[in-house]
Structures are given as structure tokens and as C-alpha cells.
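Reproduced below: final.txt, with compact mmCIF, C-alpha atoms and all ligand atoms.
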# COMPACT_ATOMS: atom_id res chain seq x y z
CA MET A 1 0.00 0.00 0.00
CA LYS A 2 1.21 3.54 -0.80
CA TYR A 3 0.76 6.39 1.69
CA TRP A 4 0.92 10.10 0.85
CA ARG A 5 2.81 10.43 4.10
CA LYS A 6 4.09 7.75 6.40
CA PRO A 7 1.62 7.34 9.31
CA LEU A 8 3.38 7.77 12.63
CA ASP A 9 2.10 4.46 13.95
CA LEU A 10 2.81 2.49 10.79
CA GLY A 11 5.15 0.18 12.65
CA THR A 12 2.50 -0.72 15.22
CA ILE A 13 -0.69 -1.28 13.22
CA GLU A 14 -1.14 -4.43 11.27
CA VAL A 15 -2.74 -3.99 7.87
CA THR A 16 -5.09 -6.86 7.19
CA ARG A 17 -4.17 -8.87 4.13
CA GLY A 18 -6.12 -11.52 2.37
CA ILE A 19 -5.93 -14.05 -0.39
CA VAL A 20 -8.87 -14.03 -2.72
CA ARG A 21 -10.05 -17.38 -4.08
CA VAL A 22 -12.26 -17.90 -7.12
CA ILE A 23 -14.37 -21.01 -7.67
CA GLU A 24 -14.06 -20.76 -11.42
CA GLY A 25 -16.77 -23.26 -12.33
CA ARG A 26 -19.45 -21.31 -10.45
CA CYS A 27 -18.75 -17.89 -11.96
CA LYS A 28 -21.14 -16.39 -14.53
CA GLY A 29 -18.88 -13.53 -15.54
CA CYS A 30 -21.04 -10.64 -14.33
CA GLU A 31 -17.95 -8.56 -13.44
CA ILE A 32 -19.56 -7.20 -10.28
CA CYS A 33 -16.62 -8.23 -8.06
CA VAL A 34 -14.11 -6.69 -10.47
CA ASN A 35 -16.01 -3.39 -10.51
CA PHE A 36 -16.53 -3.02 -6.79
CA CYS A 37 -13.23 -4.24 -5.33
CA SER A 38 -12.03 -1.03 -3.70
CA ARG A 39 -8.40 -2.13 -4.09
CA GLY A 40 -8.56 -2.92 -7.78
CA VAL A 41 -7.26 -6.41 -7.08
CA LEU A 42 -9.33 -8.20 -9.70
CA ARG A 43 -9.65 -8.30 -13.47
CA MET A 44 -11.47 -10.63 -15.84
CA SER A 45 -9.36 -13.49 -17.12
CA ASP A 46 -9.08 -14.29 -20.82
CA LYS A 47 -9.85 -17.90 -19.99
CA PHE A 48 -13.32 -19.45 -20.09
CA ASN A 49 -14.83 -21.82 -17.55
CA ARG A 50 -16.73 -24.95 -18.63
CA LYS A 51 -19.95 -22.94 -18.98
CA GLY A 52 -18.27 -20.48 -21.33
CA TYR A 53 -17.95 -17.55 -18.93
CA HIS A 54 -14.84 -15.48 -18.22
CA PHE A 55 -14.03 -15.48 -14.51
CA PRO A 56 -12.00 -13.05 -12.37
CA GLU A 57 -8.33 -13.38 -11.56
CA THR A 58 -6.01 -11.31 -9.38
CA ILE A 59 -3.73 -8.66 -10.83
CA PRO A 60 -0.13 -9.44 -9.87
CA GLY A 61 1.26 -6.97 -7.35
CA ARG A 62 -2.13 -5.72 -6.08
CA GLU A 63 -2.91 -6.39 -2.44
CA CYS A 64 -6.20 -7.80 -1.22
CA VAL A 65 -7.12 -6.34 2.19
CA ASN A 66 -9.60 -9.09 3.07
CA CYS A 67 -12.58 -6.69 3.18
CA ARG A 68 -14.72 -9.56 1.88
CA PHE A 69 -16.91 -7.26 -0.19
CA CYS A 70 -16.47 -9.46 -3.26
CA GLU A 71 -17.56 -12.44 -1.16
CA ALA A 72 -20.68 -10.61 0.05
CA ILE A 73 -21.76 -9.24 -3.33
CA CYS A 74 -21.06 -12.17 -5.70
CA PRO A 75 -24.44 -13.55 -6.81
CA GLU A 76 -22.92 -16.98 -7.50
CA PHE A 77 -20.99 -17.67 -4.25
CA ALA A 78 -17.97 -18.02 -6.53
CA ILE A 79 -15.43 -15.77 -4.79
CA TYR A 80 -14.23 -15.35 -1.22
CA SER A 81 -11.20 -14.20 0.69
CA VAL A 82 -9.25 -15.52 3.63
CA GLU A 83 -7.04 -13.60 6.03
CA THR A 84 -3.31 -14.13 5.77
CA ASN A 85 -1.94 -11.83 8.54
CA GLY A 86 0.30 -10.22 5.98
CA LEU A 87 2.28 -13.40 5.45
CA ALA A 88 1.37 -13.82 1.79
CA MET B 1 -31.99 -32.61 8.95
CA SER B 2 -32.85 -34.15 5.59
CA ALA B 3 -32.43 -30.83 3.81
CA ARG B 4 -28.86 -30.73 4.97
CA GLN B 5 -27.86 -33.97 3.27
CA ASN B 6 -27.09 -34.55 -0.43
CA ARG B 7 -24.42 -31.92 -0.53
CA ASP B 8 -20.82 -31.95 -1.71
CA PRO B 9 -18.65 -33.21 1.13
CA GLU B 10 -16.01 -30.54 0.59
CA PRO B 11 -17.22 -27.00 1.24
CA LEU B 12 -15.79 -24.63 -1.36
CA HIS B 13 -17.20 -21.34 -0.12
CA PRO B 14 -18.14 -19.93 3.32
CA HIS B 15 -21.82 -20.03 2.28
CA ASP B 16 -21.67 -23.73 1.37
CA GLU B 17 -22.73 -24.63 4.89
CA LEU B 18 -26.19 -23.25 4.08
CA LEU B 19 -26.35 -24.13 0.39
CA ARG B 20 -27.69 -27.22 -1.35
CA THR B 21 -24.41 -27.34 -3.21
CA ASP B 22 -25.58 -30.21 -5.41
CA ARG B 23 -27.89 -27.65 -7.09
CA ILE B 24 -25.22 -24.98 -7.57
CA PRO B 25 -24.64 -23.19 -9.99
CA HIS B 26 -28.21 -21.95 -9.59
CA ILE B 27 -30.56 -21.03 -12.45
CA TRP B 28 -30.46 -17.25 -11.92
CA CYS B 29 -29.02 -15.22 -14.80
CA SER B 30 -25.57 -13.69 -14.75
CA GLY B 31 -25.63 -10.69 -12.40
CA CYS B 32 -29.18 -11.31 -11.16
CA GLY B 33 -29.75 -9.55 -7.83
CA ILE B 34 -31.57 -12.53 -6.32
CA GLY B 35 -28.24 -14.30 -5.75
CA ILE B 36 -26.93 -11.19 -3.97
CA VAL B 37 -29.95 -11.03 -1.65
CA PHE B 38 -29.78 -14.78 -1.09
CA GLY B 39 -26.15 -14.39 0.01
CA ALA B 40 -27.19 -11.64 2.44
CA LEU B 41 -29.97 -13.85 3.79
CA MET B 42 -27.48 -16.66 4.44
CA SER B 43 -25.08 -14.25 6.16
CA ALA B 44 -27.90 -12.94 8.35
CA ILE B 45 -28.96 -16.46 9.29
CA LYS B 46 -25.39 -17.37 10.21
CA LYS B 47 -24.90 -14.19 12.26
CA SER B 48 -28.22 -14.62 14.09
CA ASP B 49 -26.97 -17.60 16.14
CA ILE B 50 -30.47 -19.08 15.94
CA PRO B 51 -30.13 -22.90 15.76
CA LEU B 52 -30.42 -23.84 12.10
CA ASP B 53 -33.08 -26.44 12.87
CA ASP B 54 -35.31 -23.65 14.19
CA ILE B 55 -35.31 -21.69 10.93
CA ALA B 56 -37.58 -22.29 7.95
CA VAL B 57 -37.61 -20.52 4.59
CA VAL B 58 -40.83 -20.36 2.58
CA SER B 59 -41.22 -18.96 -0.91
CA GLY B 60 -43.79 -18.77 -3.67
CA ILE B 61 -43.31 -18.95 -7.44
CA GLY B 62 -40.96 -16.82 -9.51
CA CYS B 63 -37.21 -16.53 -9.94
CA THR B 64 -37.02 -15.26 -6.34
CA GLY B 65 -39.16 -18.19 -5.25
CA ARG B 66 -36.30 -20.50 -6.14
CA MET B 67 -34.47 -19.45 -2.98
CA ALA B 68 -36.34 -22.05 -0.94
CA GLY B 69 -34.93 -24.75 -3.20
CA TYR B 70 -31.31 -23.71 -2.73
CA ILE B 71 -31.12 -23.32 1.02
CA ALA B 72 -30.05 -26.32 3.08
CA LEU B 73 -32.62 -25.68 5.80
CA ASP B 74 -36.22 -26.71 6.24
CA SER B 75 -37.84 -24.93 3.34
CA PHE B 76 -40.97 -25.01 1.25
CA HIS B 77 -41.60 -23.81 -2.29
CA THR B 78 -45.35 -23.13 -2.28
CA THR B 79 -47.71 -22.12 -5.07
CA HIS B 80 -47.75 -18.63 -6.60
CA GLY B 81 -48.60 -15.95 -4.04
CA ARG B 82 -49.17 -18.38 -1.19
CA ALA B 83 -45.90 -18.21 0.70
CA ILE B 84 -47.43 -16.09 3.48
CA PRO B 85 -50.41 -18.39 4.17
CA PHE B 86 -48.09 -21.40 4.30
CA ALA B 87 -45.66 -19.56 6.56
CA THR B 88 -48.54 -18.45 8.81
CA GLY B 89 -49.58 -22.06 9.32
CA LEU B 90 -46.01 -23.04 10.04
CA LYS B 91 -45.59 -20.26 12.60
CA LEU B 92 -48.86 -21.04 14.39
CA ALA B 93 -48.10 -24.76 14.52
CA ARG B 94 -44.54 -24.25 15.75
CA PRO B 95 -44.33 -20.81 17.35
CA GLN B 96 -40.80 -21.39 18.60
CA GLY B 97 -39.49 -21.45 15.01
CA ASN B 98 -38.18 -18.51 13.05
CA VAL B 99 -40.06 -18.33 9.75
CA ILE B 100 -38.69 -16.39 6.79
CA VAL B 101 -40.65 -15.67 3.61
CA ALA B 102 -38.56 -14.94 0.50
CA SER B 103 -40.68 -13.59 -2.31
CA GLY B 104 -40.62 -11.59 -5.54
CA ASP B 105 -42.55 -8.36 -6.01
CA GLY B 106 -45.17 -10.05 -8.20
CA ASP B 107 -45.52 -13.12 -6.02
CA LEU B 108 -45.81 -11.12 -2.80
CA LEU B 109 -47.84 -8.12 -3.88
CA ALA B 110 -49.74 -8.98 -7.05
CA ILE B 111 -51.27 -12.44 -6.69
CA GLY B 112 -50.26 -12.60 -3.01
CA GLY B 113 -51.21 -9.04 -2.10
CA ASN B 114 -54.23 -9.90 0.02
CA HIS B 115 -52.28 -12.37 2.13
CA PHE B 116 -49.61 -9.74 2.66
CA ILE B 117 -51.95 -7.03 3.95
CA HIS B 118 -53.79 -9.34 6.32
CA ALA B 119 -50.66 -10.98 7.72
CA ALA B 120 -49.32 -7.48 8.44
CA ARG B 121 -52.65 -6.45 9.97
CA ARG B 122 -52.70 -9.50 12.25
CA ASN B 123 -49.01 -9.00 13.02
CA ILE B 124 -48.07 -12.60 12.32
CA ASP B 125 -44.50 -13.09 13.50
CA LEU B 126 -42.80 -13.52 10.11
CA THR B 127 -39.75 -12.06 8.39
CA VAL B 128 -40.72 -11.14 4.84
CA VAL B 129 -37.86 -10.49 2.42
CA CYS B 130 -38.97 -9.08 -0.94
CA VAL B 131 -36.66 -8.98 -3.94
CA ASN B 132 -38.14 -6.09 -5.91
CA ASN B 133 -36.86 -6.27 -9.48
CA PHE B 134 -39.80 -4.20 -10.76
CA ASN B 135 -41.26 -6.91 -12.99
CA TYR B 136 -42.21 -10.57 -13.35
CA GLY B 137 -38.77 -11.92 -14.17
CA MET B 138 -39.55 -15.60 -14.45
CA THR B 139 -42.33 -15.32 -17.02
CA GLY B 140 -40.41 -12.99 -19.32
CA GLY B 141 -40.80 -9.50 -17.87
CA GLN B 142 -44.46 -8.50 -17.54
CA LEU B 143 -45.82 -5.51 -15.66
CA ALA B 144 -45.81 -5.90 -11.87
CA PRO B 145 -47.44 -3.74 -9.18
CA SER B 146 -43.96 -2.31 -8.58
CA THR B 147 -43.16 -1.37 -12.20
CA PRO B 148 -42.30 2.34 -12.26
CA PHE B 149 -44.49 4.73 -14.26
CA GLY B 150 -43.25 4.83 -17.84
CA ALA B 151 -41.03 1.72 -17.61
CA LYS B 152 -41.17 -0.73 -20.50
CA THR B 153 -42.23 -4.32 -19.94
CA THR B 154 -43.50 -7.01 -22.34
CA THR B 155 -47.08 -6.05 -21.47
CA THR B 156 -46.45 -2.28 -21.54
CA PRO B 157 -44.22 -1.85 -24.59
CA GLN B 158 -44.95 1.90 -24.73
CA GLY B 159 -44.23 2.37 -21.04
CA SER B 160 -46.34 1.62 -17.99
CA PRO B 161 -49.33 3.93 -17.45
CA ASP B 162 -49.84 2.55 -13.91
CA GLU B 163 -48.99 4.13 -10.61
CA PRO B 164 -46.92 1.52 -8.70
CA PHE B 165 -47.40 0.50 -5.09
CA ASN B 166 -45.04 1.79 -2.44
CA PHE B 167 -44.55 -1.58 -0.69
CA CYS B 168 -43.02 -0.07 2.44
CA SER B 169 -45.85 2.39 2.89
CA LEU B 170 -48.39 -0.39 2.33
CA ALA B 171 -46.69 -2.67 4.88
CA ALA B 172 -46.54 0.11 7.46
CA ALA B 173 -50.16 1.16 6.90
CA CYS B 174 -51.27 -2.44 7.41
CA GLY B 175 -49.41 -2.68 10.72
CA ALA B 176 -45.93 -4.12 10.07
CA VAL B 177 -43.63 -3.56 13.07
CA TYR B 178 -40.37 -3.43 11.10
CA VAL B 179 -40.04 -1.92 7.63
CA ALA B 180 -36.80 -1.26 5.75
CA ARG B 181 -35.69 -0.79 2.15
CA TRP B 182 -32.20 -0.98 0.65
CA THR B 183 -30.65 -1.52 -2.76
CA ALA B 184 -28.73 -4.72 -3.48
CA LEU B 185 -25.41 -2.85 -3.49
CA HIS B 186 -26.02 -1.81 0.15
CA ILE B 187 -25.10 -5.40 0.90
CA ARG B 188 -24.05 -4.93 4.54
CA ARG B 189 -27.20 -2.91 5.27
CA VAL B 190 -29.34 -5.58 3.66
CA THR B 191 -27.71 -8.24 5.85
CA THR B 192 -28.20 -6.15 9.01
CA ALA B 193 -31.82 -5.39 8.10
CA ILE B 194 -32.65 -9.07 7.57
CA GLY B 195 -30.97 -9.89 10.89
CA GLU B 196 -32.97 -7.19 12.70
CA ALA B 197 -36.16 -8.38 11.05
CA MET B 198 -35.48 -11.97 12.15
CA ASN B 199 -35.01 -10.82 15.74
CA LYS B 200 -38.12 -8.66 15.69
CA LYS B 201 -41.29 -10.14 17.16
CA GLY B 202 -44.06 -9.52 14.66
CA PHE B 203 -44.51 -8.86 10.95
CA SER B 204 -41.21 -7.55 9.56
CA PHE B 205 -40.67 -6.44 6.00
CA VAL B 206 -37.40 -5.87 4.13
CA GLU B 207 -37.54 -4.72 0.50
CA ILE B 208 -34.44 -4.89 -1.69
CA LEU B 209 -34.22 -3.07 -5.03
CA ALA B 210 -32.40 -5.61 -7.14
CA PRO B 211 -31.30 -5.98 -10.75
CA CYS B 212 -33.09 -8.22 -13.24
CA PRO B 213 -30.90 -7.50 -16.26
CA THR B 214 -32.53 -10.14 -18.47
CA ALA B 215 -36.17 -9.15 -18.33
CA PHE B 216 -36.28 -5.62 -16.89
CA GLY B 217 -32.89 -4.05 -17.60
CA ARG B 218 -32.80 -5.10 -21.23
CA ARG B 219 -36.03 -3.23 -22.01
CA ASN B 220 -35.06 -0.15 -20.05
CA LYS B 221 -31.60 0.69 -21.43
CA MET B 222 -29.76 -1.08 -18.61
CA ARG B 223 -28.57 -4.32 -20.10
CA ARG B 224 -25.91 -5.15 -17.57
CA ALA B 225 -26.49 -5.98 -13.94
CA LEU B 226 -23.79 -3.42 -13.16
CA ASP B 227 -25.87 -0.65 -14.78
CA LEU B 228 -28.88 -1.51 -12.62
CA LEU B 229 -26.87 -1.92 -9.41
CA ASN B 230 -25.30 1.50 -9.94
CA PHE B 231 -28.57 3.10 -11.05
CA TYR B 232 -30.39 2.09 -7.86
CA TYR B 233 -27.46 2.86 -5.59
CA ASP B 234 -26.58 6.23 -7.11
CA ARG B 235 -30.15 7.48 -6.86
CA SER B 236 -30.70 6.19 -3.35
CA VAL B 237 -31.03 8.64 -0.46
CA VAL B 238 -30.87 7.23 3.07
CA LYS B 239 -33.68 8.57 5.27
CA HIS B 240 -34.03 6.61 8.47
CA GLY B 241 -37.28 7.05 10.33
CA VAL B 242 -39.01 8.96 7.55
CA HIS B 243 -42.76 8.30 7.24
CA PRO B 244 -43.02 5.44 4.71
CA ASP B 245 -45.51 7.50 2.64
CA GLU B 246 -42.64 9.87 1.97
CA ALA B 247 -40.22 7.04 1.18
CA SER B 248 -41.01 7.28 -2.50
CA LEU B 249 -39.34 5.51 -5.40
CA ASP B 250 -38.93 8.04 -8.19
CA PHE B 251 -36.74 6.66 -10.97
CA ASN B 252 -36.19 10.15 -12.37
CA GLN B 253 -35.12 11.68 -9.09
CA ARG B 254 -34.41 9.64 -6.03
CA LEU B 255 -35.08 6.32 -4.40
CA VAL B 256 -35.59 6.66 -0.66
CA VAL B 257 -34.01 3.85 1.39
CA GLY B 258 -33.47 3.22 5.09
CA LYS B 259 -35.19 1.81 8.14
CA PHE B 260 -38.61 3.42 8.23
CA VAL B 261 -40.48 1.55 10.96
CA ASP B 262 -39.31 -0.23 14.13
CA ARG B 263 -42.10 -0.42 16.72
CA GLU B 264 -43.82 -2.82 19.12
CA ARG B 265 -47.31 -4.24 18.82
CA PRO B 266 -48.83 -7.49 20.19
CA THR B 267 -48.40 -10.34 17.72
CA TYR B 268 -51.27 -12.51 16.59
CA LEU B 269 -50.32 -15.21 19.07
CA ASP B 270 -50.13 -12.67 21.93
CA SER B 271 -53.63 -11.40 21.13
CA TYR B 272 -55.03 -14.89 20.62
CA HIS B 273 -53.74 -15.88 24.02
CA MET B 274 -55.23 -12.80 25.66
CA VAL B 275 -58.69 -13.32 24.17
CA HIS B 276 -58.81 -17.06 24.86
CA GLN B 277 -57.15 -17.04 28.24
CA ARG B 278 -60.27 -18.27 30.06
CA GLU B 279 -60.60 -21.40 27.94
CA ILE B 280 -56.99 -22.32 27.51
CA GLY B 281 -55.65 -21.04 30.81
CA ASP B 282 -52.01 -20.22 30.86
CA TRP B 283 -50.38 -20.43 27.51
CA PRO B 284 -48.28 -23.57 27.49
CA THR B 285 -44.62 -22.65 27.79
CA ILE B 286 -43.16 -23.19 24.42
CA GLU B 287 -39.94 -25.04 24.66
CA HIS B 288 -37.27 -24.08 22.26
CA TYR B 289 -36.89 -26.67 19.54
CA SER B 290 -33.21 -27.19 20.26
CA THR B 291 -33.93 -27.89 23.95
CA MET B 292 -36.57 -30.42 22.93
CA LEU B 293 -34.12 -32.14 20.62
CA ALA B 294 -31.48 -32.34 23.33
CA LYS B 295 -34.03 -33.83 25.75
CA GLU B 296 -35.18 -36.42 23.21
CA LYS B 297 -31.58 -37.48 22.75
CA THR B 298 -30.90 -37.99 26.45
CA GLU B 299 -34.16 -39.91 26.88
CA ALA B 300 -33.44 -42.25 23.97
C1 LIG A 401 -51.52 -19.23 -10.31
C2 LIG A 401 -50.38 -18.82 -11.18
N1 LIG A 401 -50.53 -17.74 -11.99
C3 LIG A 401 -49.50 -17.35 -12.77
C4 LIG A 401 -48.31 -18.03 -12.77
C5 LIG A 401 -47.20 -17.60 -13.67
N2 LIG A 401 -46.12 -16.92 -12.96
C6 LIG A 401 -45.02 -17.60 -12.56
S1 LIG A 401 -43.90 -16.61 -11.79
C7 LIG A 401 -44.89 -15.25 -12.01
C8 LIG A 401 -44.47 -13.88 -11.54
C9 LIG A 401 -43.14 -13.82 -10.89
O1 LIG A 401 -42.80 -12.49 -10.58
P1 LIG A 401 -42.08 -12.12 -9.25
O2 LIG A 401 -42.84 -12.64 -8.09
O3 LIG A 401 -41.80 -10.65 -9.27
O4 LIG A 401 -40.74 -12.97 -9.27
P2 LIG A 401 -39.39 -12.76 -10.12
O5 LIG A 401 -39.39 -13.83 -11.15
O6 LIG A 401 -39.40 -11.39 -10.69
O7 LIG A 401 -38.34 -12.95 -9.08
C10 LIG A 401 -46.07 -15.59 -12.68
C11 LIG A 401 -47.12 -14.61 -13.02
C12 LIG A 401 -48.21 -19.16 -11.91
N3 LIG A 401 -47.07 -19.86 -11.83
N4 LIG A 401 -49.24 -19.53 -11.14
S1 LIG A 402 -19.14 -11.45 -8.94
FE1 LIG A 402 -19.03 -13.69 -8.89
S2 LIG A 402 -20.09 -14.37 -10.74
FE2 LIG A 402 -19.63 -12.19 -11.00
S3 LIG A 402 -17.64 -12.17 -12.08
FE3 LIG A 402 -17.19 -12.05 -9.89
S4 LIG A 402 -16.90 -14.18 -9.27
FE4 LIG A 402 -17.91 -14.23 -11.25
S1 LIG A 403 -11.62 -9.13 -0.30
FE1 LIG A 403 -11.86 -6.93 -0.75
S2 LIG A 403 -9.81 -6.29 -1.40
FE2 LIG A 403 -9.83 -8.52 -1.50
S3 LIG A 403 -10.39 -8.96 -3.65
FE3 LIG A 403 -12.30 -9.00 -2.43
S4 LIG A 403 -13.11 -6.91 -2.64
FE4 LIG A 403 -10.96 -6.83 -3.27
S1 LIG A 404 -35.10 -13.37 -15.43
FE1 LIG A 404 -34.46 -11.63 -14.16
S2 LIG A 404 -35.09 -12.20 -12.07
FE2 LIG A 404 -35.11 -14.08 -13.29
S3 LIG A 404 -33.07 -15.00 -12.98
FE3 LIG A 404 -32.96 -13.75 -14.84
S4 LIG A 404 -32.22 -11.75 -14.15
FE4 LIG A 404 -32.97 -12.85 -12.33
MG MG A 405 -40.10 -9.65 -9.72
What's the C-alpha cells form of this structure?
Amino acid sequence: MKYWRKPLDLGTIEVTRGIVRVIEGRCKGCEICVNFCSRGVLRMSDKFNRKGYHFPETIPGRECVNCRFCEAICPEFAIYSVETNGLA
Amino acid sequence: MSARQNRDPEPLHPHDELLRTDRIPHIWCSGCGIGIVFGALMSAIKKSDIPLDDIAVVSGIGCTGRMAGYIALDSFHTTHGRAIPFATGLKLARPQGNVIVASGDGDLLAIGGNHFIHAARRNIDLTVVCVNNFNYGMTGGQLAPSTPFGAKTTTTPQGSPDEPFNFCSLAAACGAVYVARWTALHIRRVTTAIGEAMNKKGFSFVEILAPCPTAFGRRNKMRRALDLLNFYYDRSVVKHGVHPDEASLDFNQRLVVGKFVDRERPTYLDSYHMVHQREIGDWPTIEHYSTMLAKEKTEA
């Protein structure tokens, strides 16, 4: 994450990190998760799933903050995130 | 427990605990708001800490009505418009249970409209979740009592000449004790509202403005679910506690959302007990279903 100035307590607060997982076979390519991820972590893949839909993938270098919005909004229960405590 | 069998052994998603995963992917179209509301309903159920065996989901016919078939809880998919009468019977027969009705705008307030007003009037202790997608999605997009003035549907190709119902105002006027409206993109608010409605004793109503890109959006210049989600959200104005008559849905200006009603009133069972006290004496203490189950186990 980039800061416009370094917060004074940066060393003491832990920024939540997550790994986002996609259940490719369930996705119907609506792009809702891609549009509403506040961190711009996701983009649509060029690949198709077995039903012929594009599914989301993560953009290398972008950091998921485990806000779980994508998990809450996905109409297909096809995406979710898990906390990693900044280890990943 | 039968509803909780027949599922994939390996959960793939946090919601899988409450899903009949053998039926997933579901039939709803790409981007359909029903899946979003269904997810919120499952989150609310999980957060409520009510034992899962005490919860039942009842729905009528329509795309929204399919919810009952996807949830791994006791559920019933009734006939068109009759979710509330079925749920009423269920609640009266087993008052300790938490009964949720999941219904579309047409199912709940066109063919089922009379049941809705009288259940609210009698304050039957139900949680009614309405996915308002402003049309009959399942049958191809006909006019519904919620269709906004001027909107195009298959039965109003020139635009609807009808004045739509304000569901929240109707529910409140009939006596509902909890009334809230959100758009599908207010996903956390939707989840909280359903949770509050489940905990509320009496007739509770939560309306969610949700995209139906296939039948409604396509005819009204909003082909993608994203267009509809943004349209409803961007025009929404949060007004907690406003009189539901003033919580209007004006597609050209603003869509009023928020929690409009949260009040107390004796439920149907409370009043029934009061009136019949002489004949039935003290109301039998209703044991919680989970306590009964535990007792049965130790006795066996
Ligand atoms: C007695 C009866 N009349 C008509 C129908 C046809 N029908 C099926 S679903 C439906 C309307 C569904 O609209 P809504 O409740 O808004 O659900 P949605 O599909 O939009 O979620 C109708 C009229 C029926 N199944 N049964
Ligand atoms: S929101 Fe769900 S269905 Fe839509 S693109 Fe993302 S993962 Fe796929
Ligand atoms: S959890 Fe939040 S940050 Fe991570 S991908 Fe989903 S929406 Fe983006
Ligand atoms: S027709 Fe409309 S309401 Fe029915 S599944 Fe498709 S998008 Fe959803
Ligand atoms: Mg509808």
C-alpha cells in the first residue's frame, strides 16, 4: 500500500491482508466483483470456464485487504477471501 | 436434517454450509440480484446464532421463489402468491421457530397481495424479504405492481401507465412492526436489516431493489447488472425514520431507502392468548426446539 505520508504508527498497526479465491466453475462472468473491489485487485481473465464464462483473476502486485466485499456481493458464491496476517 | 444432506462433502465457499451445493450453480441469470440477496440472507442467518433447525424458509413462485430450493434448511416452495399463508400455518403450529418468507414483487404483492396485507394487519411473527426487481422476471418480464411509471415491460411496450405500489408504505399502513428498504449494493445494510427483522417479534418487511438484467434491464436501457446496481445505488437517499408514505421511489429523481419503521405491537399469538385465556388457561410454555431435541436425545 502507498501512503501520501508515512503514518506515525505504521510500525504498530497491522494492515489486514487476504488471499482471494475464485471457484471458477461457479462464476457467470457478471464482473460485479471486479467493478466493486475497492483495491482494484481483480480483473477478468481471458480464460473461459466450462460454462463459457470469463471469470475473475487477481492482478499481480495488487494487495487484497480481506474486506470480503467481493464475497458478500457475488451472486454466485464463486469468490471469497481468507485472512493471511500479511504473510502472503 | 434431511435438507442438509445430499451436498458436496467438501465446502468450497463460506456459504456452502447453508447451500444445497448439489444444485449450484443456480438457475439465476448472470448478475441477477436474487443471488446477492440470497447471500445476504445466508449471512444474516449465520450471524443470528439461531439454531439452524429452528429456521424455515418459505417462498412462492418466480425466480425469487427459487431461494427455498437452494437453502439447506427446512424450506418449502409453495404455489404462486401463497408463501405467506403457508408460513402463517407453520408459525402457528410451531411458534418457537423462526419463519422467513422470501418472495418476488409479483408473487408477494400482485397475486399474493391480500395475504400480505392481512398478515401485516394481524401481526403474524414472520420475516418477509422481498426482492423487488420491478417486474415478473420468471415469465419474461411482464408488468408488476412495482413497475415504475413509464417503464417498459413485455405487457407495456410503450411504457407503464400505472402508478406503482409503495410496498413499504403499504406494509406500514397495514401494521408491520419493522419496515426497511435498501438496494442490493447496500449489501451490509441488507444483511443487518434481515438480521434485525429476524429478531423482531411480529410482521417484519425488508424490501431490496435488485437488478433483473434479463427481463427488466434489457427493455429499459440497462442491459448489464452493473448498470442496474449503480442506477439504484446512485439514486438512493438514506432517510431513516421517515414516514413510509414519503419514502417514494422516483426513478427520475431519487429512491428513498433506510429503516422506516421499528415499533412494538402485540403479535397474533399474543392477542389470541389474551382473548382465549379463560378457555386455555395459561399459555403452554413453548420449549425451544433445540432444547426439545437435546431432551429427546438424552431420553433415547
Ligand atoms: C396461479 C399462477 N398464476 C401465474 C403463474 C405464472 N407466474 C409464474 S412466476 C410469475 C411472476 C413472478 O414475478 P415475481 O414474483 O416478481 O418474481 P421474479 O421472477 O421477478 O423474481 C407468474 C405470473 C403461476 N405460476 N401460477
Ligand atoms: S461477482 Fe461472482 S459471478 Fe460475477 S464475475 Fe465475480 S466471481 Fe464471477
Ligand atoms: S476481499 Fe476486498 S480487497 Fe480482496 S479482492 Fe475482495 S473486494 Fe478486493
Ligand atoms: S429473469 Fe431476471 S429475475 Fe429471473 S433469474 Fe434472470 S435476471 Fe434474475
Ligand atoms: Mg419480480
Env. residues ligand LIG 403 (chain A) / 6 Å / all atoms listed in the file / as a list in words:
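These are the residues that qualify: Val20, Cys37, Ser38, Arg39, Val41, Cys64, Val65, Asn66, Cys67, Arg68, Phe69, Cys70 and Ser81 of chain A.
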I'd like a table as CSV: residues in chain B with an atom no more than 8 Å from ligand MG 405 (chain A), each row giving the shortest atom pair and its distance in Å to one decimal, only C-alpha atoms and all ligand atoms counted, sorted by chain and rising residue number.
residue,atom,partner,partner_atom,distance
B:Gly62,CA,A:MG405,MG,7.2
B:Cys63,CA,A:MG405,MG,7.5
B:Thr64,CA,A:MG405,MG,7.2
B:Gly104,CA,A:MG405,MG,4.6
B:Asp105,CA,A:MG405,MG,4.6
B:Gly106,CA,A:MG405,MG,5.3
B:Asp107,CA,A:MG405,MG,7.4
B:Val131,CA,A:MG405,MG,6.8
B:Asn132,CA,A:MG405,MG,5.6
B:Asn133,CA,A:MG405,MG,4.7
B:Phe134,CA,A:MG405,MG,5.6
B:Asn135,CA,A:MG405,MG,4.4
B:Tyr136,CA,A:MG405,MG,4.3
B:Gly137,CA,A:MG405,MG,5.2
B:Met138,CA,A:MG405,MG,7.6
B:Ala144,CA,A:MG405,MG,7.2
B:Cys212,CA,A:MG405,MG,8.0
Preceding selection exported with C-alpha atoms as a short mmCIF file (atom, residue, chain, number, x, y, z; two decimals), in the coordinates of the input:
data_model
loop_
_atom_site.label_atom_id
_atom_site.label_comp_id
_atom_site.auth_asym_id
_atom_site.auth_seq_id
_atom_site.Cartn_x
_atom_site.Cartn_y
_atom_site.Cartn_z
CA GLY B 62 -40.96 -16.82 -9.51
CA CYS B 63 -37.21 -16.53 -9.94
CA THR B 64 -37.02 -15.26 -6.34
CA GLY B 104 -40.62 -11.59 -5.54
CA ASP B 105 -42.55 -8.36 -6.01
CA GLY B 106 -45.17 -10.05 -8.20
CA ASP B 107 -45.52 -13.12 -6.02
CA VAL B 131 -36.66 -8.98 -3.94
CA ASN B 132 -38.14 -6.09 -5.91
CA ASN B 133 -36.86 -6.27 -9.48
CA PHE B 134 -39.80 -4.20 -10.76
CA ASN B 135 -41.26 -6.91 -12.99
CA TYR B 136 -42.21 -10.57 -13.35
CA GLY B 137 -38.77 -11.92 -14.17
CA MET B 138 -39.55 -15.60 -14.45
CA ALA B 144 -45.81 -5.90 -11.87
CA CYS B 212 -33.09 -8.22 -13.24
#
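Within 7 Å of chain B, and counting all atoms listed in the file, chain A contributes Arg26, Lys28, Gly29, Cys30, Ile32, Ala72, Ile73, Cys74, Pro75, Glu76, Phe77 and Tyr80 of chain A.
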With 3 Å added on each side, what axis-aligned box encloses every listed atom of ligand LIG 401 (chain A)? Give the centre and edge lengths in Å to one decimal, as lines of an AutoDock Vina configuration file.
center_x = -44.9
center_y = -15.3
center_z = -10.9
size_x = 19.2
size_y = 15.2
size_z = 11.6
Mind checking which residues fall within 7 Å of Phe55 (chain A), counting all atoms listed in the file, ignoring those fewer than 4 positions away in the same chain, and posting them as a PyMOL selection string?
chain A and resi 24+27+29+44-45+48
Near Thr192 (chain B), counting only C-alpha atoms, which residues have an atom at most 12 Å away, once you skip same-chain residues fewer than 2 positions from it, shown as a ChimeraX atom specification?
/B:37,40-48,180-182,186-190,194-199,206,258-259
